[in-house]
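**Student:** Contents of data.txt (compact mmCIF, N, CA and C atoms) are below:
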```txt
# COMPACT_ATOMS: atom_id res chain seq x y z
N ASP A 1 -17.73 -41.72 39.35
CA ASP A 1 -17.44 -40.44 40.01
C ASP A 1 -16.20 -39.79 39.37
N SER A 2 -15.20 -40.60 39.01
CA SER A 2 -13.98 -40.06 38.41
C SER A 2 -14.25 -39.49 37.01
N SER A 3 -15.21 -40.09 36.27
CA SER A 3 -15.49 -39.58 34.93
C SER A 3 -16.14 -38.20 34.99
N SER A 4 -16.98 -37.95 35.97
CA SER A 4 -17.61 -36.63 36.08
C SER A 4 -16.58 -35.58 36.50
N THR A 5 -15.52 -35.99 37.21
CA THR A 5 -14.47 -35.06 37.62
C THR A 5 -13.59 -34.71 36.41
N GLN A 6 -13.31 -35.69 35.56
CA GLN A 6 -12.42 -35.45 34.42
C GLN A 6 -13.08 -34.56 33.35
N ALA A 7 -14.35 -34.73 33.11
CA ALA A 7 -15.01 -33.97 32.04
C ALA A 7 -14.87 -32.46 32.23
N PRO A 8 -15.22 -31.91 33.41
CA PRO A 8 -15.08 -30.46 33.56
C PRO A 8 -13.62 -30.01 33.42
N VAL A 9 -12.67 -30.81 33.88
CA VAL A 9 -11.26 -30.44 33.78
C VAL A 9 -10.88 -30.32 32.31
N ARG A 10 -11.28 -31.27 31.48
CA ARG A 10 -10.97 -31.21 30.05
C ARG A 10 -11.61 -29.99 29.41
N GLN A 11 -12.86 -29.72 29.75
CA GLN A 11 -13.53 -28.56 29.15
C GLN A 11 -12.81 -27.27 29.51
N ILE A 12 -12.41 -27.12 30.74
CA ILE A 12 -11.72 -25.91 31.18
C ILE A 12 -10.38 -25.78 30.44
N THR A 13 -9.64 -26.88 30.37
CA THR A 13 -8.34 -26.86 29.69
C THR A 13 -8.53 -26.52 28.22
N ASP A 14 -9.47 -27.19 27.55
CA ASP A 14 -9.70 -26.93 26.13
C ASP A 14 -10.09 -25.49 25.87
N SER A 15 -11.01 -24.95 26.65
CA SER A 15 -11.49 -23.59 26.39
C SER A 15 -10.39 -22.57 26.69
N SER A 16 -9.58 -22.80 27.73
CA SER A 16 -8.53 -21.83 28.03
C SER A 16 -7.44 -21.89 26.96
N VAL A 17 -7.13 -23.05 26.45
CA VAL A 17 -6.14 -23.17 25.37
C VAL A 17 -6.69 -22.51 24.11
N ALA A 18 -7.97 -22.75 23.81
CA ALA A 18 -8.59 -22.16 22.63
C ALA A 18 -8.57 -20.64 22.73
N ALA A 19 -8.87 -20.11 23.92
CA ALA A 19 -8.90 -18.66 24.09
C ALA A 19 -7.50 -18.07 23.87
N VAL A 20 -6.49 -18.72 24.39
CA VAL A 20 -5.12 -18.23 24.25
C VAL A 20 -4.70 -18.28 22.79
N GLU A 21 -5.00 -19.36 22.08
CA GLU A 21 -4.59 -19.48 20.68
C GLU A 21 -5.40 -18.58 19.76
N THR A 22 -6.65 -18.35 20.08
CA THR A 22 -7.52 -17.58 19.20
C THR A 22 -7.19 -16.09 19.24
N ALA A 23 -6.89 -15.56 20.39
CA ALA A 23 -6.70 -14.11 20.52
C ALA A 23 -5.69 -13.54 19.52
N PRO A 24 -4.44 -14.04 19.43
CA PRO A 24 -3.50 -13.45 18.47
C PRO A 24 -3.95 -13.64 17.03
N VAL A 25 -4.54 -14.77 16.70
CA VAL A 25 -4.96 -15.05 15.33
C VAL A 25 -6.02 -14.05 14.88
N VAL A 26 -6.95 -13.72 15.75
CA VAL A 26 -8.00 -12.78 15.41
C VAL A 26 -7.45 -11.37 15.33
N THR A 27 -6.53 -11.01 16.22
CA THR A 27 -6.01 -9.65 16.27
C THR A 27 -5.15 -9.31 15.05
N ALA A 28 -4.27 -10.20 14.64
CA ALA A 28 -3.31 -9.88 13.58
C ALA A 28 -3.97 -9.45 12.27
N PRO A 29 -4.93 -10.21 11.70
CA PRO A 29 -5.52 -9.76 10.44
C PRO A 29 -6.27 -8.44 10.58
N THR A 30 -6.85 -8.18 11.73
CA THR A 30 -7.59 -6.94 11.92
C THR A 30 -6.66 -5.77 11.74
N VAL A 31 -5.47 -5.83 12.31
CA VAL A 31 -4.48 -4.76 12.19
C VAL A 31 -4.03 -4.63 10.75
N THR A 32 -3.77 -5.76 10.09
CA THR A 32 -3.28 -5.76 8.71
C THR A 32 -4.32 -5.17 7.76
N GLU A 33 -5.59 -5.48 7.98
CA GLU A 33 -6.62 -5.07 7.03
C GLU A 33 -7.12 -3.64 7.25
N THR A 34 -6.75 -3.01 8.35
CA THR A 34 -7.28 -1.68 8.66
C THR A 34 -7.07 -0.67 7.54
N PRO A 35 -5.86 -0.53 6.95
CA PRO A 35 -5.70 0.48 5.91
C PRO A 35 -6.63 0.28 4.72
N ALA A 36 -6.89 -0.95 4.32
CA ALA A 36 -7.77 -1.22 3.19
C ALA A 36 -9.19 -0.74 3.49
N VAL A 37 -9.61 -0.88 4.72
CA VAL A 37 -10.96 -0.47 5.10
C VAL A 37 -11.09 1.06 5.05
N GLN A 38 -10.01 1.77 5.33
CA GLN A 38 -10.05 3.22 5.43
C GLN A 38 -9.97 3.93 4.09
N GLY A 39 -9.78 3.19 3.01
CA GLY A 39 -9.61 3.86 1.73
C GLY A 39 -10.42 3.22 0.63
N LYS A 40 -10.22 3.71 -0.57
CA LYS A 40 -10.92 3.22 -1.76
C LYS A 40 -9.91 2.46 -2.61
N SER A 41 -10.21 1.19 -2.91
CA SER A 41 -9.31 0.39 -3.74
C SER A 41 -9.56 0.69 -5.21
N LEU A 42 -8.49 0.63 -5.97
CA LEU A 42 -8.56 0.94 -7.39
C LEU A 42 -7.54 0.09 -8.12
N VAL A 43 -7.96 -0.55 -9.21
CA VAL A 43 -7.02 -1.32 -10.03
C VAL A 43 -6.43 -0.36 -11.06
N VAL A 44 -5.11 -0.30 -11.11
CA VAL A 44 -4.44 0.64 -12.01
C VAL A 44 -3.35 -0.05 -12.81
N SER A 45 -2.97 0.59 -13.89
CA SER A 45 -1.82 0.18 -14.67
C SER A 45 -0.69 1.10 -14.20
N ALA A 46 0.37 0.49 -13.64
CA ALA A 46 1.45 1.28 -13.05
C ALA A 46 2.73 1.17 -13.86
N THR A 47 3.38 2.31 -14.02
CA THR A 47 4.72 2.37 -14.61
C THR A 47 5.58 3.12 -13.59
N ALA A 48 6.86 3.28 -13.88
CA ALA A 48 7.74 3.97 -12.95
C ALA A 48 8.64 4.94 -13.70
N TYR A 49 9.05 5.97 -12.98
CA TYR A 49 9.98 6.96 -13.55
C TYR A 49 10.96 7.39 -12.47
N SER A 50 12.00 8.07 -12.88
CA SER A 50 12.98 8.57 -11.93
C SER A 50 13.35 9.99 -12.30
N ARG A 51 13.58 10.81 -11.28
CA ARG A 51 14.01 12.20 -11.53
C ARG A 51 15.38 12.22 -12.21
N HIS A 52 16.08 11.08 -12.20
CA HIS A 52 17.40 11.00 -12.83
C HIS A 52 17.33 10.76 -14.34
N GLU A 53 16.12 10.54 -14.88
CA GLU A 53 15.99 10.36 -16.33
C GLU A 53 16.29 11.68 -17.03
N ALA A 54 16.85 11.58 -18.24
CA ALA A 54 17.17 12.77 -19.03
C ALA A 54 15.91 13.59 -19.25
N GLY A 55 16.00 14.87 -19.05
CA GLY A 55 14.87 15.76 -19.31
C GLY A 55 13.94 15.95 -18.13
N LEU A 56 14.11 15.19 -17.07
CA LEU A 56 13.24 15.34 -15.90
C LEU A 56 13.95 16.16 -14.84
N SER A 57 13.16 16.88 -14.05
CA SER A 57 13.75 17.70 -12.98
C SER A 57 13.43 17.07 -11.63
N ASN A 58 13.90 17.70 -10.57
CA ASN A 58 13.62 17.24 -9.20
C ASN A 58 12.22 17.64 -8.75
N PHE A 59 11.54 18.49 -9.52
CA PHE A 59 10.26 19.03 -9.05
C PHE A 59 9.08 18.47 -9.82
N THR A 60 8.01 18.15 -9.07
CA THR A 60 6.80 17.61 -9.68
C THR A 60 5.88 18.75 -10.11
N ALA A 61 4.77 18.38 -10.74
CA ALA A 61 3.78 19.37 -11.19
C ALA A 61 3.21 20.17 -10.02
N THR A 62 3.21 19.59 -8.81
CA THR A 62 2.67 20.30 -7.64
C THR A 62 3.77 20.96 -6.82
N GLY A 63 5.02 20.89 -7.30
CA GLY A 63 6.11 21.57 -6.61
C GLY A 63 6.85 20.75 -5.57
N ILE A 64 6.58 19.45 -5.50
CA ILE A 64 7.30 18.59 -4.55
C ILE A 64 8.72 18.38 -5.07
N ASP A 65 9.69 18.51 -4.17
CA ASP A 65 11.09 18.27 -4.52
C ASP A 65 11.37 16.78 -4.32
N LEU A 66 11.53 16.05 -5.42
CA LEU A 66 11.73 14.60 -5.35
C LEU A 66 13.03 14.20 -4.68
N SER A 67 14.00 15.13 -4.61
CA SER A 67 15.25 14.80 -3.93
C SER A 67 15.05 14.78 -2.42
N ILE A 68 13.99 15.44 -1.94
CA ILE A 68 13.66 15.47 -0.51
C ILE A 68 12.58 14.44 -0.20
N ASN A 69 11.53 14.37 -1.03
CA ASN A 69 10.45 13.42 -0.83
C ASN A 69 10.27 12.58 -2.09
N PRO A 70 11.00 11.45 -2.19
CA PRO A 70 10.93 10.64 -3.41
C PRO A 70 9.66 9.78 -3.53
N MET A 71 8.88 9.63 -2.45
CA MET A 71 7.70 8.76 -2.47
C MET A 71 6.49 9.50 -3.06
N VAL A 72 6.53 9.67 -4.38
CA VAL A 72 5.50 10.42 -5.09
C VAL A 72 5.03 9.59 -6.27
N ILE A 73 3.73 9.67 -6.56
CA ILE A 73 3.22 9.03 -7.77
C ILE A 73 2.55 10.09 -8.63
N ALA A 74 2.65 9.89 -9.93
CA ALA A 74 1.94 10.74 -10.88
C ALA A 74 0.58 10.10 -11.13
N VAL A 75 -0.46 10.93 -11.17
CA VAL A 75 -1.83 10.43 -11.29
C VAL A 75 -2.62 11.30 -12.27
N ASP A 76 -3.79 10.79 -12.64
CA ASP A 76 -4.78 11.61 -13.34
C ASP A 76 -5.62 12.22 -12.22
N PRO A 77 -5.54 13.54 -12.03
CA PRO A 77 -6.24 14.16 -10.89
C PRO A 77 -7.76 13.98 -10.91
N SER A 78 -8.35 13.64 -12.06
CA SER A 78 -9.79 13.39 -12.09
C SER A 78 -10.12 12.01 -11.52
N VAL A 79 -9.12 11.13 -11.41
CA VAL A 79 -9.31 9.79 -10.85
C VAL A 79 -8.81 9.74 -9.40
N ILE A 80 -7.61 10.27 -9.18
CA ILE A 80 -7.00 10.31 -7.84
C ILE A 80 -6.66 11.77 -7.56
N PRO A 81 -7.34 12.38 -6.60
CA PRO A 81 -7.07 13.81 -6.33
C PRO A 81 -5.62 14.06 -5.93
N LEU A 82 -5.03 15.12 -6.46
CA LEU A 82 -3.67 15.51 -6.08
C LEU A 82 -3.64 15.77 -4.58
N GLY A 83 -2.58 15.34 -3.93
CA GLY A 83 -2.45 15.50 -2.48
C GLY A 83 -2.93 14.29 -1.70
N SER A 84 -3.59 13.34 -2.38
CA SER A 84 -4.05 12.12 -1.70
C SER A 84 -2.87 11.26 -1.29
N LEU A 85 -3.02 10.54 -0.18
CA LEU A 85 -2.05 9.52 0.18
C LEU A 85 -2.54 8.22 -0.41
N VAL A 86 -1.64 7.50 -1.05
CA VAL A 86 -2.01 6.28 -1.75
C VAL A 86 -1.08 5.15 -1.31
N SER A 87 -1.68 4.01 -0.95
CA SER A 87 -0.90 2.83 -0.58
C SER A 87 -0.72 1.97 -1.83
N VAL A 88 0.54 1.74 -2.20
CA VAL A 88 0.85 0.99 -3.41
C VAL A 88 1.62 -0.27 -3.02
N PRO A 89 1.06 -1.47 -3.33
CA PRO A 89 1.74 -2.73 -2.95
C PRO A 89 3.16 -2.78 -3.50
N GLY A 90 4.11 -3.16 -2.67
CA GLY A 90 5.49 -3.29 -3.09
C GLY A 90 6.23 -1.97 -3.21
N TYR A 91 5.55 -0.86 -2.96
CA TYR A 91 6.17 0.46 -3.08
C TYR A 91 6.07 1.22 -1.76
N GLY A 92 4.86 1.25 -1.20
CA GLY A 92 4.65 1.93 0.07
C GLY A 92 3.56 2.97 -0.04
N ILE A 93 3.55 3.88 0.93
CA ILE A 93 2.56 4.95 0.93
C ILE A 93 3.21 6.18 0.29
N ALA A 94 2.55 6.68 -0.73
CA ALA A 94 3.10 7.79 -1.50
C ALA A 94 2.05 8.89 -1.60
N ILE A 95 2.51 10.08 -1.94
CA ILE A 95 1.58 11.18 -2.17
C ILE A 95 1.32 11.31 -3.66
N ALA A 96 0.04 11.55 -4.00
CA ALA A 96 -0.32 11.79 -5.39
C ALA A 96 0.07 13.24 -5.66
N GLY A 97 1.30 13.43 -6.15
CA GLY A 97 1.83 14.79 -6.25
C GLY A 97 2.40 15.14 -7.59
N ASP A 98 2.07 14.37 -8.62
CA ASP A 98 2.60 14.67 -9.94
C ASP A 98 1.57 14.27 -10.98
N THR A 99 1.72 14.81 -12.17
CA THR A 99 0.85 14.45 -13.30
C THR A 99 1.77 14.17 -14.47
N GLY A 100 1.21 13.59 -15.52
CA GLY A 100 2.01 13.32 -16.70
C GLY A 100 1.10 13.22 -17.91
N GLY A 101 1.63 13.57 -19.06
CA GLY A 101 0.83 13.56 -20.28
C GLY A 101 0.21 12.20 -20.61
N ALA A 102 0.92 11.12 -20.27
CA ALA A 102 0.43 9.78 -20.58
C ALA A 102 -0.36 9.18 -19.41
N ILE A 103 -0.46 9.91 -18.29
CA ILE A 103 -1.14 9.38 -17.10
C ILE A 103 -2.59 9.83 -17.14
N ILE A 104 -3.40 9.02 -17.85
CA ILE A 104 -4.81 9.34 -18.05
C ILE A 104 -5.64 8.14 -17.58
N GLY A 105 -6.69 8.42 -16.82
CA GLY A 105 -7.55 7.34 -16.32
C GLY A 105 -6.88 6.59 -15.18
N ASN A 106 -7.07 5.27 -15.17
CA ASN A 106 -6.54 4.43 -14.08
C ASN A 106 -5.09 4.05 -14.33
N LYS A 107 -4.26 5.06 -14.48
CA LYS A 107 -2.82 4.84 -14.65
C LYS A 107 -2.09 5.64 -13.58
N ILE A 108 -1.01 5.07 -13.07
CA ILE A 108 -0.15 5.82 -12.16
C ILE A 108 1.29 5.62 -12.60
N ASP A 109 2.13 6.54 -12.21
CA ASP A 109 3.55 6.47 -12.52
C ASP A 109 4.28 6.67 -11.19
N LEU A 110 5.01 5.64 -10.75
CA LEU A 110 5.69 5.66 -9.45
C LEU A 110 7.05 6.32 -9.60
N HIS A 111 7.35 7.30 -8.76
CA HIS A 111 8.70 7.86 -8.79
C HIS A 111 9.63 6.94 -8.02
N MET A 112 10.78 6.62 -8.61
CA MET A 112 11.80 5.80 -7.95
C MET A 112 13.12 6.55 -8.01
N GLU A 113 13.80 6.59 -6.90
CA GLU A 113 15.10 7.27 -6.84
C GLU A 113 16.12 6.54 -7.72
N ASP A 114 16.00 5.21 -7.75
CA ASP A 114 16.93 4.38 -8.53
C ASP A 114 16.46 4.27 -9.97
N LEU A 115 17.20 4.89 -10.89
CA LEU A 115 16.81 4.89 -12.31
C LEU A 115 16.69 3.48 -12.86
N ASN A 116 17.63 2.58 -12.52
CA ASN A 116 17.57 1.21 -13.04
C ASN A 116 16.34 0.47 -12.53
N ALA A 117 15.97 0.71 -11.27
CA ALA A 117 14.76 0.07 -10.72
C ALA A 117 13.52 0.58 -11.45
N ALA A 118 13.51 1.88 -11.76
CA ALA A 118 12.37 2.46 -12.48
C ALA A 118 12.25 1.84 -13.87
N LEU A 119 13.38 1.70 -14.56
CA LEU A 119 13.36 1.13 -15.91
C LEU A 119 12.97 -0.35 -15.87
N ALA A 120 13.40 -1.05 -14.82
CA ALA A 120 13.11 -2.48 -14.71
C ALA A 120 11.67 -2.76 -14.30
N PHE A 121 10.99 -1.77 -13.75
CA PHE A 121 9.62 -1.95 -13.24
C PHE A 121 8.64 -2.32 -14.35
N GLY A 122 8.84 -1.73 -15.52
CA GLY A 122 7.94 -2.03 -16.65
C GLY A 122 6.54 -1.50 -16.41
N ARG A 123 5.54 -2.29 -16.82
CA ARG A 123 4.13 -1.93 -16.61
C ARG A 123 3.50 -3.06 -15.81
N GLN A 124 2.90 -2.72 -14.69
CA GLN A 124 2.28 -3.72 -13.83
C GLN A 124 0.86 -3.32 -13.48
N THR A 125 -0.01 -4.33 -13.37
CA THR A 125 -1.36 -4.08 -12.91
C THR A 125 -1.37 -4.27 -11.40
N LEU A 126 -1.76 -3.22 -10.66
CA LEU A 126 -1.75 -3.25 -9.21
C LEU A 126 -3.10 -2.80 -8.67
N THR A 127 -3.43 -3.26 -7.47
CA THR A 127 -4.59 -2.75 -6.77
C THR A 127 -4.08 -1.83 -5.67
N ILE A 128 -4.33 -0.54 -5.86
CA ILE A 128 -3.86 0.46 -4.89
C ILE A 128 -5.02 0.86 -3.99
N THR A 129 -4.69 1.52 -2.88
CA THR A 129 -5.72 2.02 -1.97
C THR A 129 -5.50 3.50 -1.77
N ILE A 130 -6.54 4.27 -2.08
CA ILE A 130 -6.49 5.71 -1.84
C ILE A 130 -6.92 5.91 -0.40
N LEU A 131 -5.98 6.36 0.44
CA LEU A 131 -6.25 6.51 1.86
C LEU A 131 -6.97 7.84 2.11
N GLN A 132 -7.81 7.87 3.13
CA GLN A 132 -8.54 9.12 3.43
C GLN A 132 -7.76 10.00 4.37
```
Represent the structure of the file as structure tokens.

**Tutor:**
Amino acid sequence: DSSSTQAPVRQITDSSVAAVETAPVVTAPTVTETPAVQGKSLVVSATAYSRHEAGLSNFTATGIDLSINPMVIAVDPSVIPLGSLVSVPGYGIAIAGDTGGAIIGNKIDLHMEDLNAALAFGRQTLTITILQ
């Protein structure tokens, strides 16, 4: 009689513990992965530039003032439409608001306020997400 009493108690305890532990684990990745689902992923070759480099101005090809909005990337508009919001790993969400003579195909150029950081960035292969 005691064994039949213990079995249901264990099942109830196990299932309630499982439910409590499972809920946060399932919820967290769903929130994290949402932006990727909402956009188009693209593998690009990324370089960086700064408005502080010699010969560059504060204004992009689309008229964005980089001193006010520094989170801008230069793109090939036939690959990434100008005005698109783009999520760039390690950089953040930026607007596709500039173009460049060397930015052709799957290449982007990240604007960085810090000239030394831009120079140190080099060329990196990144998977970006074009957000809708």

**Student:** By how many Å are atom C of Asp114 (chain A) and atom N of Met71 (chain A) apart?

**Tutor:**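 Separation between atom C of Asp114 (chain A) and atom N of Met71 (chain A): 11.9 Å.
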
**Student:** Choose the residue, out of A:Leu82, A:Ile108, A:Ala118, A:Val72, that has the smallest atom-to-atom separation from Asn58 (chain A); count only C-alpha atoms.

**Tutor:**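 Result for the nearest residue to Asn58 (chain A): A:Val72.
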
**Student:** Between A:Ala46, A:Ile93, A:Ala61, A:Ile128, single out the one closest to Leu110 (chain A), counting only C-alpha atoms.

**Tutor:**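 Ranking A:Ala46, A:Ile93, A:Ala61, A:Ile128 by distance to Leu110 (chain A), first place goes to A:Ala46.
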
**Student:** Which polymer residues have any atom within 8 Å of an atom of Thr127 (chain A), counting only C-alpha atoms, with same-chain residues fewer than 6 positions away left out, as a ChimeraX atom specification?

**Tutor:** /A:41-44,88-89

**Student:** Using only C-alpha atoms, determine which residues lie at most 9 Å from Ala96 (chain A), disregarding the query and same-chain residues fewer than 5 positions distant; provide the list as a PyMOL selection string.

**Tutor:** chain A and resi 72-75+77+80-86

**Student:** So that I can check the secondary structure, give me every residue of region 53-83 of chain A assigned strand (DSSP E or B) by backbone DSSP, as a list in words.

**Tutor:**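 Listing strand (DSSP E or B) positions across region 53-83 of chain A yields Phe59, Asp65, Val72, Ile73 and Ala74 of chain A.
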
**Student:** Rounded to one decimal place, report the CA of Ser78 (chain A)-atom N of Ile130 (chain A) distance in Å.

**Tutor:**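 Result for CA of Ser78 (chain A) versus atom N of Ile130 (chain A): 13.9 Å, one decimal.
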
**Student:** Restricting the calculation to only C-alpha atoms: of A:Gly105, A:Asn116, A:Arg123, A:Ile95, which residue gets closest to Thr62 (chain A)?

**Tutor:**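 For Thr62 (chain A), the nearest of the candidates is A:Ile95.
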
**Student:** Hey, can you check how far CA of Thr129 (chain A) sits from atom C of Gln38 (chain A)?

**Tutor:**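 Interatomic distance, CA of Thr129 (chain A) to atom C of Gln38 (chain A): 7.6 Å.
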
**Student:** With only C-alpha atoms as the basis for distance, which of A:Ala102, A:Lys40, A:Asp65, A:Arg51 is at the shortest distance from Leu115 (chain A)?

**Tutor:**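 Selected residue with least distance to Leu115 (chain A): A:Arg51.
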
**Student:** Check the smallest atom-to-atom distance from each of A:Ser57, A:Gly39, A:Leu131, A:Ala48 to Leu119 (chain A) using only C-alpha atoms, then report the winner.

**Tutor:**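 Among the listed residues, A:Ala48 lies closest to Leu119 (chain A).
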
**Student:** Considering only C-alpha atoms, state which residue in the set A:Ala117, A:Tyr91, A:Thr60, A:Ser45 is at the smallest distance from Ile104 (chain A).

**Tutor:**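 Of all the options, A:Ser45 lies closest to Ile104 (chain A).
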
**Student:** Please determine an axis-aligned box that encloses all atoms of region 112-124 of chain A listed in the file, with 8 Å added on each side, and express its centre and edge lengths in Å to one decimal as JSON.

**Tutor:**
```
{"center_x": 9.2, "center_y": 1.8, "center_z": -11.8, "size_x": 32.8, "size_y": 27.0, "size_z": 26.0}
```
